[in-house]
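Okay, so here's the structure we're looking at.
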Amino acid sequence: MVDWDRLTRRLTTDGNVVAFTGAGLSAESGLDTFRGEGGVWDRRDPSEVATPGAFRRDPDRVWQFYQKRRRSVRGAEPSAAHRILADWENRYGTPRVVTQNVDDLHERAGQNRVLHVHGRLMVDRCVDCGERSTGRLQPRLPTCSGCGGRLRPDVVWFGEPLDVDVLERARRWLRDADLLLVVGTSLRVSPVSEFPAFASQNGARVVEVNPEPGQHDWNRVMDDVFKGEAGKFFERWAVHVGED
Ligand code: OAD
């Protein structure tokens, strides 16, 4: 059972809250999750579109795949959960967000402190010089205006390491957190699947929010579980915060 009063105290008084979010949160904005029936990786083999080798073999195909996802994100709006998180951050200075999501829905909801541990879909990066620029919506694979190299979406592909600086900052936020909300993730992708255990070891209370919780081996680190959708969790909590 979730202790709403306890969560509310952490949020509104002396707490340091971090929301660790995954595709389940953006599902409430109409974007597909990755795993399970109808998920992105159920319909496409990631080795064909989400690895450095796939991009070397067939860059146009990879570019088209991400163009489609970019268009979906462009057409989506932040959900109630995105908006409540952003509203609280602006009001109470917490939660900060560590997200696996590559979309920009947290930012568009008004969230200021967001770390994208799996990169950002709406940003391009030159494979040669590393220069980043606003993600293009165009059918043909673009080239870098500086060096002429190919551009790719600035997301982390299978087989690639995470950005060291982003990972380091995320770990710092998790180490300092006294409440970690694990929202809408299957916790199947390493190394970030270890974040809840890391936060727990460093003293955080860990709450899982998922309509199908426990799809992973990290149950022992969850202090509380809310079995339900992210929107329901935050809307219910917001009622308690409003009464505080
Ligand atoms: P998954 O697709 O693996 O898991 C989505 C989770 O969201 C599942 O546990 C669902 O039960 C849950 N869920 C669905 N609807 C929900 C809702 N309304 N509210 C709350 N939870 C809900 O997505 P991730 O765990 O985010 O990597 O996937 C991790 C990484 O795998 C992604 O970042 C991506 C992918 O390969 C990269 O892009 C590098």
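By order of appearance in the structure tokens: chains A, B, ..., then residues from 1 within every chain, and ligands from 1 in the order shown.
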* Residues near Val98 in chain A, cut-off 7 Å, only C-alpha atoms, skip fewer than 5 positions along chain, as a VMD selection string -> chain A and resid 19 to 21 114 to 116 170
* To do: Taking only C-alpha atoms and all ligand atoms into account, report as a PyMOL selection string which residues have an atom no farther than 6 Å from an atom of ligand 1.
  => chain A and resi 22-25+27-28+33-35+100-101+118+156-157+183-187+189+209-212+229-230
Could you turn the residues from that selection into a file that holds N, CA and C atoms, as a PDB file, in the first residue's frame?
```pdb
ATOM      1  N   GLY A  22       9.915   5.639 -17.751  1.00  0.00           N
ATOM      2  CA  GLY A  22      10.121   4.820 -18.948  1.00  0.00           C
ATOM      3  C   GLY A  22       8.933   4.947 -19.885  1.00  0.00           C
ATOM      4  N   ALA A  23       8.918   4.089 -20.887  1.00  0.00           N
ATOM      5  CA  ALA A  23       7.962   4.203 -21.984  1.00  0.00           C
ATOM      6  C   ALA A  23       6.499   4.169 -21.539  1.00  0.00           C
ATOM      7  N   GLY A  24       6.226   3.537 -20.382  1.00  0.00           N
ATOM      8  CA  GLY A  24       4.850   3.489 -19.895  1.00  0.00           C
ATOM      9  C   GLY A  24       4.280   4.869 -19.623  1.00  0.00           C
ATOM     10  N   LEU A  25       5.138   5.815 -19.280  1.00  0.00           N
ATOM     11  CA  LEU A  25       4.652   7.179 -19.031  1.00  0.00           C
ATOM     12  C   LEU A  25       4.232   7.821 -20.356  1.00  0.00           C
ATOM     13  N   ALA A  27       3.319   6.277 -22.918  1.00  0.00           N
ATOM     14  CA  ALA A  27       2.177   5.534 -23.482  1.00  0.00           C
ATOM     15  C   ALA A  27       0.897   6.321 -23.240  1.00  0.00           C
ATOM     16  N   GLU A  28       0.873   7.081 -22.152  1.00  0.00           N
ATOM     17  CA  GLU A  28      -0.331   7.859 -21.852  1.00  0.00           C
ATOM     18  C   GLU A  28      -0.456   9.084 -22.751  1.00  0.00           C
ATOM     19  N   THR A  33       5.013   1.625 -26.295  1.00  0.00           N
ATOM     20  CA  THR A  33       6.083   1.104 -25.441  1.00  0.00           C
ATOM     21  C   THR A  33       6.963   0.197 -26.313  1.00  0.00           C
ATOM     22  N   PHE A  34       7.999  -0.397 -25.728  1.00  0.00           N
ATOM     23  CA  PHE A  34       8.943  -1.197 -26.522  1.00  0.00           C
ATOM     24  C   PHE A  34       8.624  -2.682 -26.493  1.00  0.00           C
ATOM     25  N   ARG A  35       8.342  -3.179 -25.266  1.00  0.00           N
ATOM     26  CA  ARG A  35       8.166  -4.619 -25.106  1.00  0.00           C
ATOM     27  C   ARG A  35       6.692  -4.982 -25.002  1.00  0.00           C
ATOM     28  N   GLN A 100      14.360   7.260 -19.303  1.00  0.00           N
ATOM     29  CA  GLN A 100      14.861   6.425 -20.401  1.00  0.00           C
ATOM     30  C   GLN A 100      14.225   6.858 -21.714  1.00  0.00           C
ATOM     31  N   ASN A 101      13.204   7.695 -21.605  1.00  0.00           N
ATOM     32  CA  ASN A 101      12.470   8.084 -22.816  1.00  0.00           C
ATOM     33  C   ASN A 101      13.284   9.064 -23.647  1.00  0.00           C
ATOM     34  N   HIS A 118      19.059   7.645 -22.214  1.00  0.00           N
ATOM     35  CA  HIS A 118      19.114   6.935 -23.504  1.00  0.00           C
ATOM     36  C   HIS A 118      19.120   7.900 -24.689  1.00  0.00           C
ATOM     37  N   VAL A 156      20.734   6.454 -27.861  1.00  0.00           N
ATOM     38  CA  VAL A 156      21.689   5.363 -27.598  1.00  0.00           C
ATOM     39  C   VAL A 156      21.168   4.105 -28.275  1.00  0.00           C
ATOM     40  N   TRP A 157      22.012   3.484 -29.081  1.00  0.00           N
ATOM     41  CA  TRP A 157      21.632   2.249 -29.751  1.00  0.00           C
ATOM     42  C   TRP A 157      22.137   1.035 -28.969  1.00  0.00           C
ATOM     43  N   VAL A 183       8.618   4.708 -12.652  1.00  0.00           N
ATOM     44  CA  VAL A 183       7.322   4.842 -13.318  1.00  0.00           C
ATOM     45  C   VAL A 183       7.362   4.341 -14.757  1.00  0.00           C
ATOM     46  N   GLY A 184       6.593   3.303 -15.057  1.00  0.00           N
ATOM     47  CA  GLY A 184       6.386   2.901 -16.448  1.00  0.00           C
ATOM     48  C   GLY A 184       7.603   2.328 -17.135  1.00  0.00           C
ATOM     49  N   THR A 185       8.363   1.536 -16.414  1.00  0.00           N
ATOM     50  CA  THR A 185       9.500   0.861 -17.052  1.00  0.00           C
ATOM     51  C   THR A 185       9.532  -0.615 -16.670  1.00  0.00           C
ATOM     52  N   SER A 186       9.938  -1.449 -17.645  1.00  0.00           N
ATOM     53  CA  SER A 186      10.043  -2.888 -17.388  1.00  0.00           C
ATOM     54  C   SER A 186      11.365  -3.226 -16.694  1.00  0.00           C
ATOM     55  N   LEU A 187      12.259  -2.255 -16.588  1.00  0.00           N
ATOM     56  CA  LEU A 187      13.589  -2.444 -15.967  1.00  0.00           C
ATOM     57  C   LEU A 187      14.340  -3.615 -16.601  1.00  0.00           C
ATOM     58  N   VAL A 189      16.550  -3.060 -19.258  1.00  0.00           N
ATOM     59  CA  VAL A 189      17.735  -2.617 -19.989  1.00  0.00           C
ATOM     60  C   VAL A 189      18.818  -2.137 -19.022  1.00  0.00           C
ATOM     61  N   VAL A 209       5.565   2.215  -9.952  1.00  0.00           N
ATOM     62  CA  VAL A 209       4.246   2.555 -10.488  1.00  0.00           C
ATOM     63  C   VAL A 209       4.113   1.888 -11.847  1.00  0.00           C
ATOM     64  N   ASN A 210       3.218   0.900 -11.925  1.00  0.00           N
ATOM     65  CA  ASN A 210       3.128   0.138 -13.166  1.00  0.00           C
ATOM     66  C   ASN A 210       1.844  -0.704 -13.109  1.00  0.00           C
ATOM     67  N   PRO A 211       1.081  -0.758 -14.191  1.00  0.00           N
ATOM     68  CA  PRO A 211      -0.113  -1.625 -14.154  1.00  0.00           C
ATOM     69  C   PRO A 211       0.252  -3.102 -14.054  1.00  0.00           C
ATOM     70  N   GLU A 212       1.466  -3.437 -14.479  1.00  0.00           N
ATOM     71  CA  GLU A 212       1.958  -4.822 -14.329  1.00  0.00           C
ATOM     72  C   GLU A 212       3.323  -4.777 -13.661  1.00  0.00           C
ATOM     73  N   GLU A 229      -1.904   2.667 -13.674  1.00  0.00           N
ATOM     74  CA  GLU A 229      -1.290   3.569 -14.656  1.00  0.00           C
ATOM     75  C   GLU A 229      -0.686   4.805 -13.978  1.00  0.00           C
ATOM     76  N   ALA A 230       0.303   5.363 -14.653  1.00  0.00           N
ATOM     77  CA  ALA A 230       1.001   6.541 -14.118  1.00  0.00           C
ATOM     78  C   ALA A 230       0.023   7.690 -13.868  1.00  0.00           C
TER      79      ALA A 230
END
```
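Closest approach to Arg83 in chain A among A:Arg61, A:Arg205, A:Arg69, A:Arg108 is made by A:Arg108 (distances from only C-alpha atoms).
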* To do: Excluding Arg169 in chain A and residues on its chain fewer than 5 positions from it, collect all residues at most 12 Å away from it, counting only C-alpha atoms, and give them as a list in words.
  =>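 My reading of the contact set: Arg96, Val97, Val98, Arg113, Val114, Leu115, His116, Val117, Leu162, Asp163, Val164, Leu174, Arg175 and Asp176 of chain A.
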* Within 12 Å of Met122 in chain A using only C-alpha atoms, minus same-chain residues under 4 positions, as a list in words -> Tyr66, Gln67, Lys68, Arg69, Arg70, Arg71, Ser72, Val73, Arg74, Asn101, Val102, Asp103, Asp104, Leu105, Glu107, His116, Arg132, Ser133, Thr134, Gly135, Arg136, Leu137, Arg152, Pro153, Asp154 and Val155 of chain A
Got time to write the residues from that selection, C-alpha atoms, as a PDB file, in the first residue's frame?
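Wrote it out as again_4.pdb, contents follow:
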```pdb
ATOM      1  CA  TYR A  66      13.462   7.343 -36.580  1.00  0.00           C
ATOM      2  CA  GLN A  67      11.663   9.846 -38.817  1.00  0.00           C
ATOM      3  CA  LYS A  68       8.467   7.934 -38.183  1.00  0.00           C
ATOM      4  CA  ARG A  69       9.060   7.967 -34.447  1.00  0.00           C
ATOM      5  CA  ARG A  70       9.911  11.685 -34.585  1.00  0.00           C
ATOM      6  CA  ARG A  71       6.624  12.405 -36.324  1.00  0.00           C
ATOM      7  CA  SER A  72       4.728  10.453 -33.646  1.00  0.00           C
ATOM      8  CA  VAL A  73       6.447  12.419 -30.881  1.00  0.00           C
ATOM      9  CA  ARG A  74       5.815  15.701 -32.690  1.00  0.00           C
ATOM     10  CA  ASN A 101      12.470   8.084 -22.816  1.00  0.00           C
ATOM     11  CA  VAL A 102      13.993   9.744 -25.838  1.00  0.00           C
ATOM     12  CA  ASP A 103      10.959  11.975 -26.491  1.00  0.00           C
ATOM     13  CA  ASP A 104      10.722  15.573 -25.238  1.00  0.00           C
ATOM     14  CA  LEU A 105       7.398  15.309 -23.410  1.00  0.00           C
ATOM     15  CA  GLU A 107      10.364  19.261 -21.254  1.00  0.00           C
ATOM     16  CA  HIS A 116      17.912  11.573 -20.821  1.00  0.00           C
ATOM     17  CA  ARG A 132      24.558  18.292 -32.254  1.00  0.00           C
ATOM     18  CA  SER A 133      21.683  20.167 -33.897  1.00  0.00           C
ATOM     19  CA  THR A 134      17.893  20.314 -33.836  1.00  0.00           C
ATOM     20  CA  GLY A 135      16.470  17.050 -35.164  1.00  0.00           C
ATOM     21  CA  ARG A 136      15.346  17.328 -38.764  1.00  0.00           C
ATOM     22  CA  LEU A 137      12.030  16.121 -40.094  1.00  0.00           C
ATOM     23  CA  ARG A 152      22.002  10.312 -36.933  1.00  0.00           C
ATOM     24  CA  PRO A 153      19.452  10.703 -34.146  1.00  0.00           C
ATOM     25  CA  ASP A 154      21.130  11.391 -30.803  1.00  0.00           C
ATOM     26  CA  VAL A 155      19.780   8.237 -29.163  1.00  0.00           C
TER      27      VAL A 155
END
```
* Distance query Gln138 in chain A at most 9 Å, only C-alpha atoms, self and fewer than 3 positions along chain excluded, as a PyMOL selection string -> chain A and resi 64+67+141-142
Per DSSP on the backbone, what are the strand (DSSP E or B) residues of range 12-131 of chain A, as a compact mmCIF listing (two decimals) with C-alpha atoms, in the first residue's frame?
```
# COMPACT_ATOMS: atom_id res chain seq x y z
CA VAL A 17 12.38 13.19 -4.99
CA VAL A 18 13.51 11.66 -8.29
CA ALA A 19 11.16 10.18 -10.89
CA PHE A 20 12.81 7.50 -13.00
CA THR A 21 10.54 7.19 -16.01
CA ARG A 96 13.86 15.82 -10.78
CA VAL A 97 13.44 13.41 -13.67
CA VAL A 98 15.82 10.72 -14.92
CA THR A 99 14.21 9.27 -18.01
CA VAL A 114 15.55 16.16 -16.90
CA LEU A 115 18.34 13.72 -17.72
CA HIS A 116 17.91 11.57 -20.82
CA GLY A 119 19.58 10.12 -25.50
CA ARG A 120 17.18 12.42 -27.32
CA LEU A 121 15.16 11.59 -30.39
CA MET A 122 14.53 15.20 -31.38
CA VAL A 123 18.26 15.97 -31.69
CA ASP A 124 20.64 15.05 -34.53
CA ARG A 125 24.32 14.25 -34.04
CA CYS A 126 27.07 14.09 -36.64
```
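Near Ala76 in chain A, within a cut-off of 9 Å and counting only C-alpha atoms, sit the residues Ser26, Ser29, Gly30, Leu31 and Leu105 of chain A, with same-chain residues fewer than 6 positions away left out.
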Generate a file of the selected residues that holds all heavy atoms, formatted as a short mmCIF file (atom, residue, chain, number, x, y, z; two decimals), in the first residue's frame.
```cif
data_model
loop_
_atom_site.label_atom_id
_atom_site.label_comp_id
_atom_site.auth_asym_id
_atom_site.auth_seq_id
_atom_site.Cartn_x
_atom_site.Cartn_y
_atom_site.Cartn_z
N SER A 26 5.06 7.67 -21.37
CA SER A 26 4.72 8.26 -22.66
C SER A 26 3.58 7.51 -23.36
O SER A 26 2.96 8.05 -24.29
CB SER A 26 5.96 8.32 -23.56
OG SER A 26 6.93 9.16 -22.97
N SER A 29 0.58 9.34 -23.53
CA SER A 29 0.52 10.38 -24.56
C SER A 29 0.30 9.75 -25.94
O SER A 29 0.41 10.42 -26.96
CB SER A 29 1.82 11.19 -24.59
OG SER A 29 1.98 11.88 -23.37
N GLY A 30 0.08 8.45 -25.94
CA GLY A 30 -0.21 7.76 -27.21
C GLY A 30 1.01 7.17 -27.90
O GLY A 30 0.90 6.66 -29.02
N LEU A 31 2.20 7.22 -27.25
CA LEU A 31 3.39 6.65 -27.89
C LEU A 31 3.54 5.18 -27.49
O LEU A 31 3.19 4.79 -26.38
CB LEU A 31 4.64 7.44 -27.47
CG LEU A 31 4.63 8.93 -27.84
CD1 LEU A 31 5.91 9.60 -27.37
CD2 LEU A 31 4.46 9.12 -29.35
N LEU A 105 8.68 14.98 -24.05
CA LEU A 105 7.40 15.31 -23.41
C LEU A 105 7.56 15.88 -22.00
O LEU A 105 6.78 16.73 -21.58
CB LEU A 105 6.48 14.07 -23.40
CG LEU A 105 6.03 13.65 -24.82
CD1 LEU A 105 5.32 12.31 -24.78
CD2 LEU A 105 5.14 14.71 -25.45
#
```
* State, in Å with one decimal place, the distance from CA of Trp173 in chain A to CA of Asp32 in chain A. =>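 Answer for the CA of Trp173 in chain A to CA of Asp32 in chain A separation: 27.6 Å.
Within range 93-160 of chain A, residues classed as helix (DSSP H, G or I) by DSSP on backbone coordinates are Leu105, His106, Glu107 and Arg108 of chain A.
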May I have the selected residues written with N, CA, C and O atoms, as an mmCIF file, in the first residue's frame?
```
data_model
loop_
_atom_site.group_PDB
_atom_site.id
_atom_site.type_symbol
_atom_site.label_atom_id
_atom_site.label_comp_id
_atom_site.auth_asym_id
_atom_site.auth_seq_id
_atom_site.Cartn_x
_atom_site.Cartn_y
_atom_site.Cartn_z
ATOM 1 N N LEU A 105 8.678 14.980 -24.053
ATOM 2 C CA LEU A 105 7.398 15.309 -23.410
ATOM 3 C C LEU A 105 7.561 15.876 -22.000
ATOM 4 O O LEU A 105 6.779 16.729 -21.577
ATOM 5 N N HIS A 106 8.586 15.441 -21.262
ATOM 6 C CA HIS A 106 8.816 16.048 -19.938
ATOM 7 C C HIS A 106 9.113 17.545 -20.106
ATOM 8 O O HIS A 106 8.564 18.378 -19.399
ATOM 9 N N GLU A 107 9.987 17.856 -21.047
ATOM 10 C CA GLU A 107 10.364 19.261 -21.254
ATOM 11 C C GLU A 107 9.154 20.068 -21.719
ATOM 12 O O GLU A 107 8.931 21.190 -21.261
ATOM 13 N N ARG A 108 8.375 19.485 -22.627
ATOM 14 C CA ARG A 108 7.227 20.238 -23.141
ATOM 15 C C ARG A 108 6.153 20.429 -22.085
ATOM 16 O O ARG A 108 5.320 21.325 -22.194
#
```
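The closest residue to Val241 in chain A, picked from A:Asn90, A:Asn112, A:Thr13, A:Ser193 and counting only C-alpha atoms, is A:Thr13.
One finds CA of Glu208 in chain A at 8.1 Å from CA of Asp223 in chain A.
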* Asked: Any idea what the distance is between CA of Cys147 in chain A and CA of Thr51 in chain A?
  -> 22.9 Å
* Between A:Phe198, A:Phe226, A:Trp88, A:Trp63, which has the minimum distance to Gly242 in chain A (counting only C-alpha atoms)? ->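 Among the listed residues, A:Trp88 lies closest to Gly242 in chain A.
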